[in-house]
file protein.txt (compact mmCIF, C-alpha atoms)
# COMPACT_ATOMS: atom_id res chain seq x y z
CA MET A 1 -33.58 25.29 -14.47
CA THR A 2 -31.95 27.17 -17.35
CA PRO A 3 -28.62 28.70 -16.31
CA SER A 4 -28.36 32.49 -16.34
CA SER A 5 -26.26 34.32 -18.92
CA PHE A 6 -23.77 35.23 -16.18
CA ALA A 7 -23.43 31.59 -15.11
CA ILE A 8 -22.87 30.51 -18.72
CA TRP A 9 -20.10 33.06 -19.28
CA LEU A 10 -18.56 32.32 -15.89
CA ASP A 11 -18.38 28.65 -16.81
CA ALA A 12 -16.88 29.55 -20.20
CA ALA A 13 -14.10 31.45 -18.40
CA ARG A 14 -13.25 28.17 -16.59
CA PRO A 15 -12.68 29.60 -13.11
CA LYS A 16 -11.20 26.31 -11.88
CA THR A 17 -8.12 26.94 -14.05
CA LEU A 18 -7.55 30.52 -12.86
CA PRO A 19 -5.42 29.55 -9.83
CA LEU A 20 -2.62 28.88 -12.34
CA ALA A 21 -2.49 32.58 -13.17
CA VAL A 22 -2.64 33.48 -9.47
CA THR A 23 0.26 31.24 -8.46
CA SER A 24 2.72 32.77 -10.92
CA ILE A 25 2.05 36.28 -9.62
CA VAL A 26 2.12 35.19 -5.97
CA SER A 27 5.42 33.31 -6.38
CA GLY A 28 7.14 36.18 -8.20
CA SER A 29 5.84 38.72 -5.67
CA ALA A 30 6.97 36.57 -2.75
CA VAL A 31 10.56 36.47 -4.00
CA ALA A 32 10.40 40.23 -4.62
CA ALA A 33 9.18 40.72 -1.03
CA TRP A 34 11.96 38.46 0.28
CA GLN A 35 14.45 40.84 -1.32
CA GLY A 36 12.62 43.94 -0.12
CA HIS A 37 11.05 45.01 -3.42
CA PHE A 38 7.35 44.18 -2.96
CA SER A 39 4.78 46.58 -4.43
CA ALA A 40 1.10 45.84 -3.73
CA LEU A 41 -0.01 48.04 -6.63
CA ILE A 42 2.25 46.36 -9.17
CA ALA A 43 1.41 42.89 -7.86
CA GLY A 44 -2.32 43.68 -8.05
CA LEU A 45 -2.15 44.96 -11.62
CA ALA A 46 0.00 41.98 -12.62
CA LEU A 47 -2.59 39.65 -11.11
CA ILE A 48 -5.47 41.30 -12.98
CA THR A 49 -3.53 41.16 -16.26
CA ALA A 50 -2.59 37.51 -15.74
CA LEU A 51 -6.19 36.54 -14.95
CA LEU A 52 -7.45 38.34 -18.06
CA LEU A 53 -4.86 36.52 -20.19
CA GLN A 54 -5.89 33.18 -18.70
CA ILE A 55 -9.56 33.89 -19.41
CA LEU A 56 -8.69 34.96 -22.96
CA SER A 57 -6.86 31.69 -23.48
CA ASN A 58 -9.84 29.72 -22.15
CA LEU A 59 -12.31 31.54 -24.40
CA ALA A 60 -10.03 31.13 -27.42
CA ASN A 61 -9.61 27.40 -26.70
CA ASP A 62 -13.39 27.01 -26.58
CA TYR A 63 -13.69 28.84 -29.91
CA GLY A 64 -10.78 27.11 -31.64
CA ASP A 65 -11.54 23.54 -30.58
CA ALA A 66 -15.22 23.96 -31.48
CA ALA A 67 -14.32 25.27 -34.94
CA LYS A 68 -12.00 22.32 -35.57
CA GLY A 69 -14.47 19.72 -34.31
CA THR A 70 -12.26 18.61 -31.41
CA ASP A 71 -15.01 19.42 -28.92
CA ASN A 72 -17.34 16.57 -29.78
CA ALA A 73 -19.31 13.80 -28.11
CA ASP A 74 -16.17 11.65 -27.71
CA ARG A 75 -14.34 14.26 -25.66
CA LEU A 76 -14.16 13.24 -21.97
CA GLY A 77 -13.74 16.70 -20.49
CA PRO A 78 -16.58 18.99 -19.37
CA GLN A 79 -18.82 20.19 -22.18
CA ARG A 80 -17.76 23.61 -23.38
CA ALA A 81 -19.89 26.66 -24.12
CA ILE A 82 -19.96 26.61 -27.94
CA GLN A 83 -20.13 22.81 -28.01
CA SER A 84 -23.23 22.89 -25.81
CA GLY A 85 -24.89 25.60 -27.91
CA GLN A 86 -25.14 28.01 -24.97
CA ILE A 87 -22.82 30.53 -26.63
CA THR A 88 -22.58 31.17 -30.37
CA PRO A 89 -19.20 31.44 -32.14
CA GLU A 90 -19.97 35.09 -32.95
CA ALA A 91 -20.68 35.89 -29.30
CA MET A 92 -17.45 34.13 -28.29
CA ARG A 93 -15.46 36.19 -30.81
CA ASN A 94 -17.00 39.38 -29.40
CA ALA A 95 -16.12 38.26 -25.86
CA MET A 96 -12.54 37.64 -26.95
CA ILE A 97 -12.30 41.14 -28.46
CA LEU A 98 -13.64 42.68 -25.24
CA ASN A 99 -11.19 40.63 -23.21
CA ILE A 100 -8.28 41.78 -25.38
CA ILE A 101 -9.29 45.43 -24.81
CA LEU A 102 -9.41 44.86 -21.05
CA THR A 103 -6.10 42.98 -21.09
CA VAL A 104 -4.36 45.73 -23.06
CA SER A 105 -5.75 48.39 -20.70
CA SER A 106 -4.60 46.51 -17.61
CA GLY A 107 -1.24 45.64 -19.12
CA LEU A 108 -0.54 49.20 -20.23
CA SER A 109 -1.37 50.50 -16.75
CA LEU A 110 0.99 47.94 -15.26
CA ILE A 111 3.83 48.82 -17.64
CA LEU A 112 3.48 52.57 -17.21
CA ILE A 113 3.48 52.28 -13.41
CA ALA A 114 6.21 49.66 -13.08
CA CYS A 115 8.65 50.53 -15.87
CA SER A 116 10.89 53.57 -15.73
CA THR A 117 13.09 53.17 -18.81
CA PRO A 118 12.16 53.15 -22.52
CA GLN A 119 13.84 49.77 -22.89
CA ASP A 120 11.68 48.21 -20.19
CA ILE A 121 8.51 49.79 -21.58
CA VAL A 122 9.16 48.52 -25.10
CA GLY A 123 10.29 45.13 -23.83
CA PHE A 124 7.19 44.51 -21.74
CA LEU A 125 4.93 45.85 -24.49
CA LEU A 126 6.37 43.21 -26.81
CA LEU A 127 6.06 40.50 -24.16
CA GLY A 128 2.46 41.51 -23.53
CA LEU A 129 1.60 41.33 -27.23
CA MET A 130 3.30 37.93 -27.41
CA ALA A 131 1.23 36.71 -24.45
CA ILE A 132 -2.02 37.86 -26.09
CA ALA A 133 -1.06 36.24 -29.40
CA ALA A 134 -0.06 33.02 -27.65
CA SER A 135 -3.36 32.89 -25.74
CA ILE A 136 -5.27 32.97 -29.01
CA ALA A 137 -2.99 30.97 -31.29
CA TYR A 138 -3.01 27.87 -29.06
CA THR A 139 -6.12 26.53 -30.83
CA VAL A 140 -7.21 29.32 -33.20
CA GLY A 141 -5.97 29.72 -36.77
CA ASN A 142 -4.78 27.47 -39.57
CA LYS A 143 -1.70 26.23 -37.68
CA PRO A 144 -2.45 26.42 -33.94
CA TYR A 145 0.62 25.46 -31.95
CA GLY A 146 -1.45 23.48 -29.45
CA TYR A 147 -2.17 21.02 -32.26
CA ARG A 148 1.55 20.61 -32.93
CA GLY A 149 2.68 19.54 -29.45
CA LEU A 150 4.02 22.94 -28.38
CA GLY A 151 1.48 23.70 -25.67
CA ASP A 152 3.65 22.39 -22.85
CA LEU A 153 6.55 24.68 -23.74
CA SER A 154 4.20 27.66 -24.02
CA VAL A 155 2.70 26.99 -20.59
CA LEU A 156 6.18 26.67 -19.05
CA MET A 157 7.18 29.97 -20.60
CA PHE A 158 4.10 32.04 -19.78
CA PHE A 159 2.99 30.54 -16.45
CA GLY A 160 6.56 30.00 -15.27
CA TRP A 161 9.41 32.01 -16.72
CA LEU A 162 7.46 35.06 -17.88
CA GLY A 163 4.75 35.00 -15.21
CA VAL A 164 7.02 34.56 -12.19
CA ALA A 165 10.22 36.21 -13.41
CA GLY A 166 8.29 39.02 -15.08
CA THR A 167 6.37 39.77 -11.90
CA TYR A 168 9.62 39.81 -9.96
CA TYR A 169 11.31 42.14 -12.46
CA LEU A 170 8.41 44.61 -12.50
CA GLN A 171 8.77 45.02 -8.73
CA ALA A 172 12.53 44.69 -8.31
CA GLY A 173 13.54 46.59 -11.44
CA GLN A 174 16.17 43.96 -12.22
CA ILE A 175 16.43 40.31 -13.08
CA ASP A 176 18.28 37.87 -10.87
CA SER A 177 19.05 34.28 -11.78
CA VAL A 178 17.71 33.28 -8.38
CA ILE A 179 14.17 33.73 -9.66
CA MET A 180 14.48 31.06 -12.34
CA LEU A 181 14.24 28.09 -9.95
CA PRO A 182 10.81 29.00 -8.52
CA ALA A 183 9.74 30.26 -11.96
CA THR A 184 10.55 26.88 -13.49
CA ALA A 185 8.83 25.03 -10.64
CA CYS A 186 5.67 27.08 -11.05
CA GLY A 187 5.70 26.56 -14.81
CA LEU A 188 6.22 22.79 -14.53
CA LEU A 189 3.23 22.45 -12.20
CA ALA A 190 1.11 24.39 -14.70
CA VAL A 191 2.34 22.06 -17.45
CA GLY A 192 1.15 19.21 -15.25
CA VAL A 193 -2.39 20.60 -15.39
CA LEU A 194 -2.24 20.76 -19.19
CA ASN A 195 -0.79 17.25 -19.35
CA ILE A 196 -3.68 15.78 -17.34
CA ASN A 197 -6.08 17.49 -19.73
CA ASN A 198 -4.22 16.07 -22.73
CA LEU A 199 -3.89 12.56 -21.25
CA ARG A 200 -7.61 12.51 -20.50
CA ASP A 201 -8.56 13.33 -24.09
CA ILE A 202 -5.67 11.58 -25.81
CA ASP A 203 -7.83 9.28 -27.96
CA ASN A 204 -10.16 12.01 -29.19
CA ASP A 205 -7.30 14.43 -29.77
CA ARG A 206 -5.45 11.84 -31.85
CA ALA A 207 -8.55 11.16 -33.93
CA CYS A 208 -9.04 14.90 -34.54
CA GLY A 209 -5.42 15.54 -35.49
CA LYS A 210 -4.59 17.44 -32.30
CA LEU A 211 -1.05 16.18 -31.81
CA THR A 212 -0.41 17.22 -28.24
CA LEU A 213 2.76 16.10 -26.51
CA ALA A 214 0.70 13.42 -24.75
CA VAL A 215 -0.52 12.13 -28.12
CA ARG A 216 3.02 12.09 -29.47
CA MET A 217 4.39 10.23 -26.42
CA GLY A 218 1.45 7.89 -25.93
CA PRO A 219 -0.45 7.19 -22.69
CA SER A 220 2.30 5.20 -20.95
CA TRP A 221 5.12 7.69 -21.49
CA GLY A 222 2.68 10.54 -20.97
CA ARG A 223 2.04 9.29 -17.44
CA LYS A 224 5.76 8.92 -16.73
CA TYR A 225 6.31 12.41 -18.11
CA HIS A 226 3.68 13.67 -15.67
CA LEU A 227 5.58 12.18 -12.75
CA CYS A 228 8.78 13.83 -14.02
CA LEU A 229 7.01 17.22 -14.05
CA LEU A 230 6.02 16.80 -10.40
CA LEU A 231 9.47 15.63 -9.31
CA ALA A 232 11.30 18.34 -11.23
CA SER A 233 9.13 21.08 -9.74
CA VAL A 234 9.86 19.89 -6.20
CA LEU A 235 13.57 19.61 -7.01
CA CYS A 236 13.65 23.23 -8.24
CA LEU A 237 12.05 24.49 -5.03
CA ALA A 238 14.36 22.32 -2.92
CA LEU A 239 17.41 23.74 -4.71
CA PHE A 240 16.13 27.26 -4.08
CA ALA A 241 15.73 26.48 -0.38
CA VAL A 242 19.24 25.01 -0.17
CA LEU A 243 21.03 27.65 -2.21
CA GLU A 244 19.19 30.83 -1.22
CA LEU A 245 17.32 30.47 2.06
CA GLU A 246 18.78 29.98 5.51
CA SER A 247 15.51 29.34 7.25
CA PRO A 248 13.40 26.21 7.79
CA TYR A 249 10.44 28.23 6.53
CA GLY A 250 11.93 27.80 3.07
CA TRP A 251 10.86 24.16 3.20
CA LEU A 252 7.17 24.84 3.82
CA PHE A 253 6.41 23.78 0.25
CA ALA A 254 7.40 20.22 1.21
CA LEU A 255 4.12 19.93 3.13
CA SER A 256 2.42 19.44 -0.24
CA ALA A 257 4.71 16.51 -1.14
CA PRO A 258 2.29 13.81 0.11
CA LEU A 259 -0.49 15.24 -2.05
CA LEU A 260 1.83 15.41 -5.07
CA PHE A 261 3.06 11.85 -4.47
CA ARG A 262 -0.47 10.47 -4.14
CA HIS A 263 -1.58 12.29 -7.27
CA GLY A 264 1.42 10.99 -9.22
CA GLN A 265 0.61 7.43 -8.16
CA GLN A 266 -3.01 7.81 -9.25
CA VAL A 267 -1.97 9.11 -12.67
CA LEU A 268 0.46 6.24 -13.20
CA GLN A 269 -2.20 3.69 -12.22
CA ALA A 270 -5.09 5.25 -14.17
CA ALA A 271 -6.53 2.71 -16.60
CA ASP A 272 -7.85 5.16 -19.19
CA GLY A 273 -8.89 8.73 -19.90
CA ALA A 274 -12.12 8.38 -17.94
CA ALA A 275 -10.14 7.47 -14.82
CA LEU A 276 -8.06 10.62 -15.25
CA ARG A 277 -11.08 12.90 -15.46
CA PRO A 278 -11.33 13.80 -11.73
CA MET A 279 -7.56 14.26 -11.47
CA MET A 280 -7.61 17.60 -13.30
CA ALA A 281 -9.01 19.37 -10.23
CA THR A 282 -6.50 17.54 -8.01
CA MET A 283 -3.59 18.74 -10.13
CA VAL A 284 -4.80 22.35 -9.95
CA LYS A 285 -5.02 22.03 -6.15
CA CYS A 286 -1.52 20.52 -6.04
CA ALA A 287 -0.10 23.42 -8.04
CA LEU A 288 -1.92 26.03 -5.97
CA LEU A 289 -1.00 24.54 -2.60
CA THR A 290 2.67 23.99 -3.49
CA ASN A 291 3.12 27.54 -4.78
CA LEU A 292 1.24 29.16 -1.88
CA LEU A 293 3.30 27.22 0.66
CA PHE A 294 6.48 28.21 -1.18
CA ALA A 295 5.43 31.87 -1.22
CA ALA A 296 4.53 31.82 2.47
CA GLY A 297 7.85 30.21 3.35
CA VAL A 298 9.86 32.75 1.38
CA VAL A 299 8.06 35.69 2.99
CA LEU A 300 8.48 34.22 6.48
CA ALA A 301 12.17 33.63 5.78
CA ALA A 302 12.74 37.29 4.89

call {"tool": "encode", "arguments": {"input": "protein.txt", "output": "structure tokens"}}
result
Amino acid sequence: MTPSSFAIWLDAARPKTLPLAVTSIVSGSAVAAWQGHFSALIAGLALITALLLQILSNLANDYGDAAKGTDNADRLGPQRAIQSGQITPEAMRNAMILNIILTVSSGLSLILIACSTPQDIVGFLLLGLMAIAASIAYTVGNKPYGYRGLGDLSVLMFFGWLGVAGTYYLQAGQIDSVIMLPATACGLLAVGVLNINNLRDIDNDRACGKLTLAVRMGPSWGRKYHLCLLLASVLCLALFAVLELESPYGWLFALSAPLLFRHGQQVLQAADGAALRPMMATMVKCALLTNLLFAAGVVLAA
């Protein structure tokens, strides 16, 4: 059976990666709620904007990697839309333009509702434009930063520091250093998802000149780096629980530790990229579960 146009575009949006956008908004909103600043409207608009940015990034990655020949028969990941011939490059460009329009509309609504000072409005306008540019420039253009090993830092910034801390600030109206521990934890788990993707396709990426951090480190150190990401994220949440929360609910996130530990072991023991292929979904589930448990614990501790 030939897939419908809707199914093709839904697959191109890569819905399995969208929980990463959700977790950053949920974590930031949970800390805002813990301090009595939660706004359902602002959280909802932030979530819509984050999801649109994630989809834009996914569409742009499909377009950019196809144009550079990285999406080829040697790639171990799922076949992408342009690579499979189901979507033309022109149609993908048009979809990206539409997505940018929707993202700008959602982001402007969020800024106008949440920000009350000219400084905040200008600041978040600039951050929003940076996020859109970063979503596209990861694989698109003559010098995409994803091909230079900077993808991990970008993910930490946008899915962690900006996503979580920005969501908190939009609701609280102020920044507090307390938010940086969960923001860093959320970002590191998102980096873990990217790292699995890069470890899986390390041989093809190297051959195509896509010098991801995994390619630069090599498969052995890339696996050790992955374990460090998991451990550091748990440490950040543990420090937050010790320093800021006076309730056992603050340790709910620890219930995901067995899943994280098992996943880390599997990554370390994986023989090659093919063995890592099913671990992408596991890493997304690890990130989602850990952040949701953290958010629930913080709200219950309020």

call {"tool": "residues_near_point", "arguments": {"input": "protein.txt", "point": "(19.1, 38.7, -7.4)", "cutoff": "12 Å", "atoms": "only C-alpha atoms", "output": "PyMOL selection string"}}
result
chain A and resi 31-37+165+168-169+172-181+244

call {"tool": "residues_around", "arguments": {"input": "protein.txt", "residues": "segment 299-301 of chain A", "least_positions_apart": "6", "cutoff": "9 Å", "atoms": "only C-alpha atoms", "output": "VMD selection string"}}
result
chain A and resid 30 to 31 33 to 34 245 to 250

call {"tool": "atom_distance", "arguments": {"input": "protein.txt", "atom1": "atom CA of Gly141 of chain A", "atom2": "atom CA of Gly64 of chain A"}}
result
7.5 Å

call {"tool": "residues_around", "arguments": {"input": "protein.txt", "residues": "segment 113-120 of chain A", "least_positions_apart": "6", "cutoff": "10 Å", "atoms": "all atoms listed in the file", "output": "number ranges by chain"}}
result
A: 39, 41-43, 45-46, 107, 126, 167, 169-173

call {"tool": "atom_distance", "arguments": {"input": "protein.txt", "atom1": "atom CA of Ala91 of chain A", "atom2": "atom CA of Leu10 of chain A"}}
result
14.0 Å

call {"tool": "closest_residue", "arguments": {"input": "protein.txt", "among": "A:Ala281, A:Leu162, A:Ile87, A:Ala270", "to": "Ser27 of chain A", "atoms": "only C-alpha atoms"}}
result
A:Leu162

call {"tool": "closest_residue", "arguments": {"input": "protein.txt", "among": "A:Leu76, A:Leu129, A:Leu56, A:Val164", "to": "Asp201 of chain A", "atoms": "only C-alpha atoms"}}
result
A:Leu76

call {"tool": "closest_residue", "arguments": {"input": "protein.txt", "among": "A:Leu51, A:Leu199, A:Leu156, A:Leu239", "to": "Met217 of chain A", "atoms": "all atoms listed in the file"}}
result
A:Leu199

call {"tool": "closest_residue", "arguments": {"input": "protein.txt", "among": "A:Ile8, A:Val193, A:Val215, A:Cys208", "to": "Pro278 of chain A", "atoms": "all atoms listed in the file"}}
result
A:Val193

call {"tool": "atom_distance", "arguments": {"input": "protein.txt", "atom1": "atom CA of Gly273 of chain A", "atom2": "atom CA of Gly149 of chain A"}}
result
18.5 Å

call {"tool": "residues_around", "arguments": {"input": "protein.txt", "residues": "Gln54 of chain A", "least_positions_apart": "3", "cutoff": "9 Å", "atoms": "all atoms listed in the file", "output": "count of residues only"}}
result
12

call {"tool": "closest_residue", "arguments": {"input": "protein.txt", "among": "A:Ala60, A:Leu150, A:Leu188, A:Leu230", "to": "Ala95 of chain A", "atoms": "all atoms listed in the file"}}
result
A:Ala60

call {"tool": "residues_around", "arguments": {"input": "protein.txt", "residues": "Ala257 of chain A", "least_positions_apart": "5", "cutoff": "12 Å", "atoms": "all atoms listed in the file", "output": "list in words"}}
result
Leu230, Leu231, Ser233, Val234, Leu235, Leu237, Ala238, Trp251, Leu252, Arg262, His263, Gly264, Cys286, Ala287, Leu289, Thr290, Asn291, Leu293 and Phe294 of chain A
